[in-house]
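Structure first, then comments.
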Amino acid sequence: MTTDTHEETIRLTADVVLLAAGHVLLIQRRWDPFEGFWAFPGGHVDAGEDEGDAAARELEEETGIIVPVADLTQMRSYGAPGRDPRGRYVTVPFTATLPEIVTPTAGDDAATARWWPLADLPPQLAFDHAKILADIANTQPANDPSGWDQADFRCGRCGARHTVRTESDYLKAVGVHRDAHAMWDRLDPIERDGFLSMLRTFLSVPDLATELLAVADRQQHQVGDDSR
């Protein structure tokens, strides 16, 4: 903990880490500091302005791309001393993922704006934006335009967990697990004991389960043919 008691002016900025199809939107800074370097769209939070409103405003002013504030997700703030050569600046980054790449139009403090592949970024980003991007990339996959990250579905009844990566996987996991509970509830205690033994056998030998299904299917067709 520092014991320096001198007054320090702290300024607040907001940045937008906009992702789409494995790319991140960057602007080339028109002015110092870091003139000519690539950075996130962003800038100062005006007096009386909310950070999210500032982020959306700066994004539109510098790239022409409009993202509603409701679609921006706030990340943790970054304010380490020395991150900005002008003095003590604290930035609040926001992130969003678009379903597809939208062509930007550079404006305001941006000399140009373009999408960069996450696997082929400029050699050096302005400020600490490389660290911010790395932190966000670890929490939100940039190649997933749906916005889904790996998540766990946990059953409140039996505690089972299922890892899912897409909305369809989630709905499938919920549906199959719900049906399993419904089937289990229809079994009486004796049937449950026998069912568990049979199920463990089938799961230990997947080929056996497949062949048993085929045998059952052939038997049903044979019964149908005999009844004609």
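Chains: A, B, ... in order of the structure tokens. Residues: from 1 per chain. Ligands: from 1, in order shown.
Residues with any atom within 12 Å of A:Arg157, counting only C-alpha atoms and excluding same-chain neighbours fewer than 3 positions away, are Arg154, Ala160, Arg161, His177, Arg178 and His181 of chain A.
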Can you pull out the residues contacting A:Ala126? Cut-off 8 Å, using only C-alpha atoms, and skip same-chain residues under 6 positions away; I want them as a ChimeraX atom specification. /A:34,37-39
Write the residues you've just listed into a file as a PDB file, in the first residue's frame, and include all heavy atoms for each of them.
ATOM      1  N   PHE A  34       0.495   7.536 -28.568  1.00  0.00           N
ATOM      2  CA  PHE A  34       0.389   6.351 -29.418  1.00  0.00           C
ATOM      3  C   PHE A  34      -0.209   6.683 -30.790  1.00  0.00           C
ATOM      4  O   PHE A  34      -0.985   5.916 -31.340  1.00  0.00           O
ATOM      5  CB  PHE A  34      -0.443   5.256 -28.730  1.00  0.00           C
ATOM      6  CG  PHE A  34       0.175   4.713 -27.473  1.00  0.00           C
ATOM      7  CD1 PHE A  34      -0.284   5.121 -26.237  1.00  0.00           C
ATOM      8  CD2 PHE A  34       1.222   3.803 -27.530  1.00  0.00           C
ATOM      9  CE1 PHE A  34       0.285   4.625 -25.074  1.00  0.00           C
ATOM     10  CE2 PHE A  34       1.791   3.291 -26.377  1.00  0.00           C
ATOM     11  CZ  PHE A  34       1.320   3.705 -25.148  1.00  0.00           C
ATOM     12  N   PHE A  37      -0.725   4.028 -33.653  1.00  0.00           N
ATOM     13  CA  PHE A  37      -0.895   2.695 -33.077  1.00  0.00           C
ATOM     14  C   PHE A  37      -2.376   2.288 -33.160  1.00  0.00           C
ATOM     15  O   PHE A  37      -3.274   3.127 -33.214  1.00  0.00           O
ATOM     16  CB  PHE A  37      -0.444   2.678 -31.617  1.00  0.00           C
ATOM     17  CG  PHE A  37       1.044   2.601 -31.440  1.00  0.00           C
ATOM     18  CD1 PHE A  37       1.852   3.671 -31.813  1.00  0.00           C
ATOM     19  CD2 PHE A  37       1.643   1.478 -30.899  1.00  0.00           C
ATOM     20  CE1 PHE A  37       3.221   3.609 -31.646  1.00  0.00           C
ATOM     21  CE2 PHE A  37       3.018   1.409 -30.723  1.00  0.00           C
ATOM     22  CZ  PHE A  37       3.810   2.485 -31.108  1.00  0.00           C
ATOM     23  N   TRP A  38      -2.595   0.982 -33.108  1.00  0.00           N
ATOM     24  CA  TRP A  38      -3.959   0.450 -33.146  1.00  0.00           C
ATOM     25  C   TRP A  38      -4.493   0.289 -31.729  1.00  0.00           C
ATOM     26  O   TRP A  38      -3.755  -0.070 -30.808  1.00  0.00           O
ATOM     27  CB  TRP A  38      -4.002  -0.883 -33.885  1.00  0.00           C
ATOM     28  CG  TRP A  38      -3.706  -0.716 -35.358  1.00  0.00           C
ATOM     29  CD1 TRP A  38      -2.488  -0.778 -35.952  1.00  0.00           C
ATOM     30  CD2 TRP A  38      -4.657  -0.436 -36.373  1.00  0.00           C
ATOM     31  NE1 TRP A  38      -2.614  -0.559 -37.302  1.00  0.00           N
ATOM     32  CE2 TRP A  38      -3.940  -0.345 -37.594  1.00  0.00           C
ATOM     33  CE3 TRP A  38      -6.032  -0.256 -36.414  1.00  0.00           C
ATOM     34  CZ2 TRP A  38      -4.548  -0.083 -38.809  1.00  0.00           C
ATOM     35  CZ3 TRP A  38      -6.654   0.010 -37.621  1.00  0.00           C
ATOM     36  CH2 TRP A  38      -5.916   0.093 -38.804  1.00  0.00           C
ATOM     37  N   ALA A  39      -5.777   0.575 -31.557  1.00  0.00           N
ATOM     38  CA  ALA A  39      -6.381   0.541 -30.228  1.00  0.00           C
ATOM     39  C   ALA A  39      -7.873   0.258 -30.357  1.00  0.00           C
ATOM     40  O   ALA A  39      -8.432   0.244 -31.469  1.00  0.00           O
ATOM     41  CB  ALA A  39      -6.171   1.879 -29.515  1.00  0.00           C
TER      42      ALA A  39
END
I want to know what sits within 6 Å of A:Trp116, based on only C-alpha atoms, with residues of the same chain fewer than 4 positions away left out; could you give that as a PyMOL selection string? chain A and resi 23-24+121
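The coordinates place atom CA of A:Leu25 at 13.4 Å from atom CA of A:Ala137.
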Using only C-alpha atoms, which of A:Trp115, A:Tyr78, A:Phe195, A:Phe94 sits nearest A:Glu58? A:Phe94
Nearby residues (only C-alpha atoms) at most 7 Å from A:Ala14, same-chain spacing under 5 positions excluded, as a PyMOL selection string: chain A and resi 42-45+51+54-55+91-93
Output N, CA, C and O atoms for every residue in that selection, as a PDB file, in the first residue's frame.
ATOM      1  N   GLY A  42     -12.759   4.149 -28.312  1.00  0.00           N
ATOM      2  CA  GLY A  42     -13.055   4.573 -26.950  1.00  0.00           C
ATOM      3  C   GLY A  42     -12.597   5.986 -26.703  1.00  0.00           C
ATOM      4  O   GLY A  42     -12.003   6.629 -27.568  1.00  0.00           O
ATOM      5  N   GLY A  43     -12.867   6.485 -25.511  1.00  0.00           N
ATOM      6  CA  GLY A  43     -12.461   7.836 -25.169  1.00  0.00           C
ATOM      7  C   GLY A  43     -12.978   8.254 -23.810  1.00  0.00           C
ATOM      8  O   GLY A  43     -13.453   7.422 -23.023  1.00  0.00           O
ATOM      9  N   HIS A  44     -12.901   9.533 -23.554  1.00  0.00           N
ATOM     10  CA  HIS A  44     -13.269  10.071 -22.248  1.00  0.00           C
ATOM     11  C   HIS A  44     -14.763   9.930 -21.967  1.00  0.00           C
ATOM     12  O   HIS A  44     -15.598  10.073 -22.867  1.00  0.00           O
ATOM     13  N   VAL A  45     -15.067   9.676 -20.703  1.00  0.00           N
ATOM     14  CA  VAL A  45     -16.443   9.719 -20.229  1.00  0.00           C
ATOM     15  C   VAL A  45     -16.750  11.165 -19.865  1.00  0.00           C
ATOM     16  O   VAL A  45     -16.066  11.762 -19.022  1.00  0.00           O
ATOM     17  N   GLU A  51     -20.788   5.297 -18.062  1.00  0.00           N
ATOM     18  CA  GLU A  51     -19.696   4.663 -18.810  1.00  0.00           C
ATOM     19  C   GLU A  51     -20.194   3.908 -20.046  1.00  0.00           C
ATOM     20  O   GLU A  51     -19.570   3.957 -21.105  1.00  0.00           O
ATOM     21  N   ALA A  54     -21.022   6.308 -22.757  1.00  0.00           N
ATOM     22  CA  ALA A  54     -19.794   6.835 -23.348  1.00  0.00           C
ATOM     23  C   ALA A  54     -19.175   5.825 -24.310  1.00  0.00           C
ATOM     24  O   ALA A  54     -18.692   6.189 -25.395  1.00  0.00           O
ATOM     25  N   ALA A  55     -19.182   4.549 -23.929  1.00  0.00           N
ATOM     26  CA  ALA A  55     -18.611   3.513 -24.781  1.00  0.00           C
ATOM     27  C   ALA A  55     -19.365   3.424 -26.106  1.00  0.00           C
ATOM     28  O   ALA A  55     -18.759   3.389 -27.186  1.00  0.00           O
ATOM     29  N   THR A  91      -9.722   2.991 -17.301  1.00  0.00           N
ATOM     30  CA  THR A  91     -10.657   2.705 -18.389  1.00  0.00           C
ATOM     31  C   THR A  91     -11.579   1.561 -18.011  1.00  0.00           C
ATOM     32  O   THR A  91     -11.186   0.630 -17.294  1.00  0.00           O
ATOM     33  N   VAL A  92     -12.815   1.648 -18.476  1.00  0.00           N
ATOM     34  CA  VAL A  92     -13.802   0.595 -18.277  1.00  0.00           C
ATOM     35  C   VAL A  92     -14.108  -0.001 -19.658  1.00  0.00           C
ATOM     36  O   VAL A  92     -14.771   0.642 -20.474  1.00  0.00           O
ATOM     37  N   PRO A  93     -13.597  -1.190 -19.962  1.00  0.00           N
ATOM     38  CA  PRO A  93     -13.876  -1.788 -21.263  1.00  0.00           C
ATOM     39  C   PRO A  93     -15.230  -2.495 -21.280  1.00  0.00           C
ATOM     40  O   PRO A  93     -15.662  -3.087 -20.286  1.00  0.00           O
TER      41      PRO A  93
END
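Pairwise distance (atom CA of A:Gly194, atom CA of A:Pro206) equals 18.4 Å.
Distance-wise, atom CA of A:Arg192 and atom CA of A:Gln219 end up 24.9 Å apart.
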At a cut-off of 12 Å, using only C-alpha atoms, what residues contact A:Ala80? Leave out same-chain residues fewer than 3 positions from it and give the result as number ranges by chain. A: 10, 77, 83-85, 87-91, 127-128, 131
Put those residues in a file: C-alpha atoms, as an mmCIF file, in the first residue's frame.
data_model
loop_
_atom_site.group_PDB
_atom_site.id
_atom_site.type_symbol
_atom_site.label_atom_id
_atom_site.label_comp_id
_atom_site.auth_asym_id
_atom_site.auth_seq_id
_atom_site.Cartn_x
_atom_site.Cartn_y
_atom_site.Cartn_z
ATOM 1 C CA ILE A 10 -7.770 10.457 -12.125
ATOM 2 C CA SER A 77 -11.719 -1.720 -15.000
ATOM 3 C CA ARG A 83 -0.776 2.651 -18.490
ATOM 4 C CA ASP A 84 -1.258 6.098 -20.067
ATOM 5 C CA PRO A 85 1.663 8.532 -20.462
ATOM 6 C CA GLY A 87 -1.270 10.639 -16.319
ATOM 7 C CA ARG A 88 -3.563 8.448 -14.262
ATOM 8 C CA TYR A 89 -6.314 7.072 -16.501
ATOM 9 C CA VAL A 90 -8.793 4.374 -15.541
ATOM 10 C CA THR A 91 -10.657 2.705 -18.389
ATOM 11 C CA PHE A 127 -1.861 1.487 -23.926
ATOM 12 C CA ASP A 128 -2.544 -1.903 -22.264
ATOM 13 C CA LYS A 131 -3.696 -7.295 -22.040
#
DSSP-assigned helix (DSSP H, G or I) members of chain A, reported as a count of residues only: 82
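The residue that comes closest to A:Pro81, out of A:Glu61, A:Asp135, A:Asp15, A:Glu8 and on the basis of only C-alpha atoms, is A:Glu8.
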Run DSSP on the backbone and give me the residues of chain A it puts in strand (DSSP E), as a ChimeraX atom specification. /A:10-20,23-29,38-39,42-44,73-74,88-97,110-117,151-154,161-164
Selection export as a compact mmCIF listing (two decimals), in the first residue's frame, atoms kept: C-alpha atoms:
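File produced: result.txt:
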# COMPACT_ATOMS: atom_id res chain seq x y z
CA ILE A 10 -7.77 10.46 -12.12
CA ARG A 11 -9.55 10.51 -15.47
CA LEU A 12 -12.14 7.99 -16.66
CA THR A 13 -12.41 6.49 -20.14
CA ALA A 14 -14.51 3.76 -21.75
CA ASP A 15 -13.46 1.37 -24.54
CA VAL A 16 -15.33 -1.14 -26.68
CA VAL A 17 -13.89 -4.54 -27.56
CA LEU A 18 -16.14 -5.44 -30.49
CA LEU A 19 -15.83 -9.01 -31.82
CA ALA A 20 -17.19 -10.73 -34.92
CA HIS A 23 -11.98 -10.66 -35.59
CA VAL A 24 -11.70 -7.61 -33.33
CA LEU A 25 -12.46 -4.05 -34.40
CA LEU A 26 -9.53 -1.64 -33.94
CA ILE A 27 -8.95 2.00 -34.80
CA GLN A 28 -5.64 3.60 -35.73
CA ARG A 29 -5.07 6.56 -33.44
CA TRP A 38 -3.96 0.45 -33.15
CA ALA A 39 -6.38 0.54 -30.23
CA GLY A 42 -13.06 4.57 -26.95
CA GLY A 43 -12.46 7.84 -25.17
CA HIS A 44 -13.27 10.07 -22.25
CA THR A 73 -21.18 -6.19 -21.43
CA GLN A 74 -19.06 -4.32 -18.89
CA ARG A 88 -3.56 8.45 -14.26
CA TYR A 89 -6.31 7.07 -16.50
CA VAL A 90 -8.79 4.37 -15.54
CA THR A 91 -10.66 2.70 -18.39
CA VAL A 92 -13.80 0.59 -18.28
CA PRO A 93 -13.88 -1.79 -21.26
CA PHE A 94 -17.13 -3.11 -22.66
CA THR A 95 -17.46 -6.05 -25.02
CA ALA A 96 -20.02 -7.22 -27.56
CA THR A 97 -20.14 -9.83 -30.31
CA ALA A 110 -9.61 7.52 -35.60
CA ALA A 111 -7.38 7.84 -38.68
CA THR A 112 -8.79 4.55 -39.92
CA ALA A 113 -10.76 1.59 -38.59
CA ARG A 114 -10.65 -2.06 -39.58
CA TRP A 115 -11.27 -5.59 -38.38
CA TRP A 116 -8.20 -7.57 -37.40
CA PRO A 117 -8.11 -11.40 -37.14
CA ALA A 151 -21.43 -23.42 -19.69
CA ASP A 152 -22.66 -26.03 -17.23
CA PHE A 153 -26.28 -27.12 -16.96
CA ARG A 154 -26.85 -28.42 -13.41
CA ARG A 161 -23.94 -31.58 -14.70
CA HIS A 162 -23.79 -31.30 -18.48
CA THR A 163 -21.32 -29.04 -20.31
CA VAL A 164 -22.80 -27.23 -23.32
Restricting the calculation to only C-alpha atoms, which member of A:Pro104, A:Phe40, A:Arg30, A:Met198 is positioned closest to A:Thr63? A:Pro104
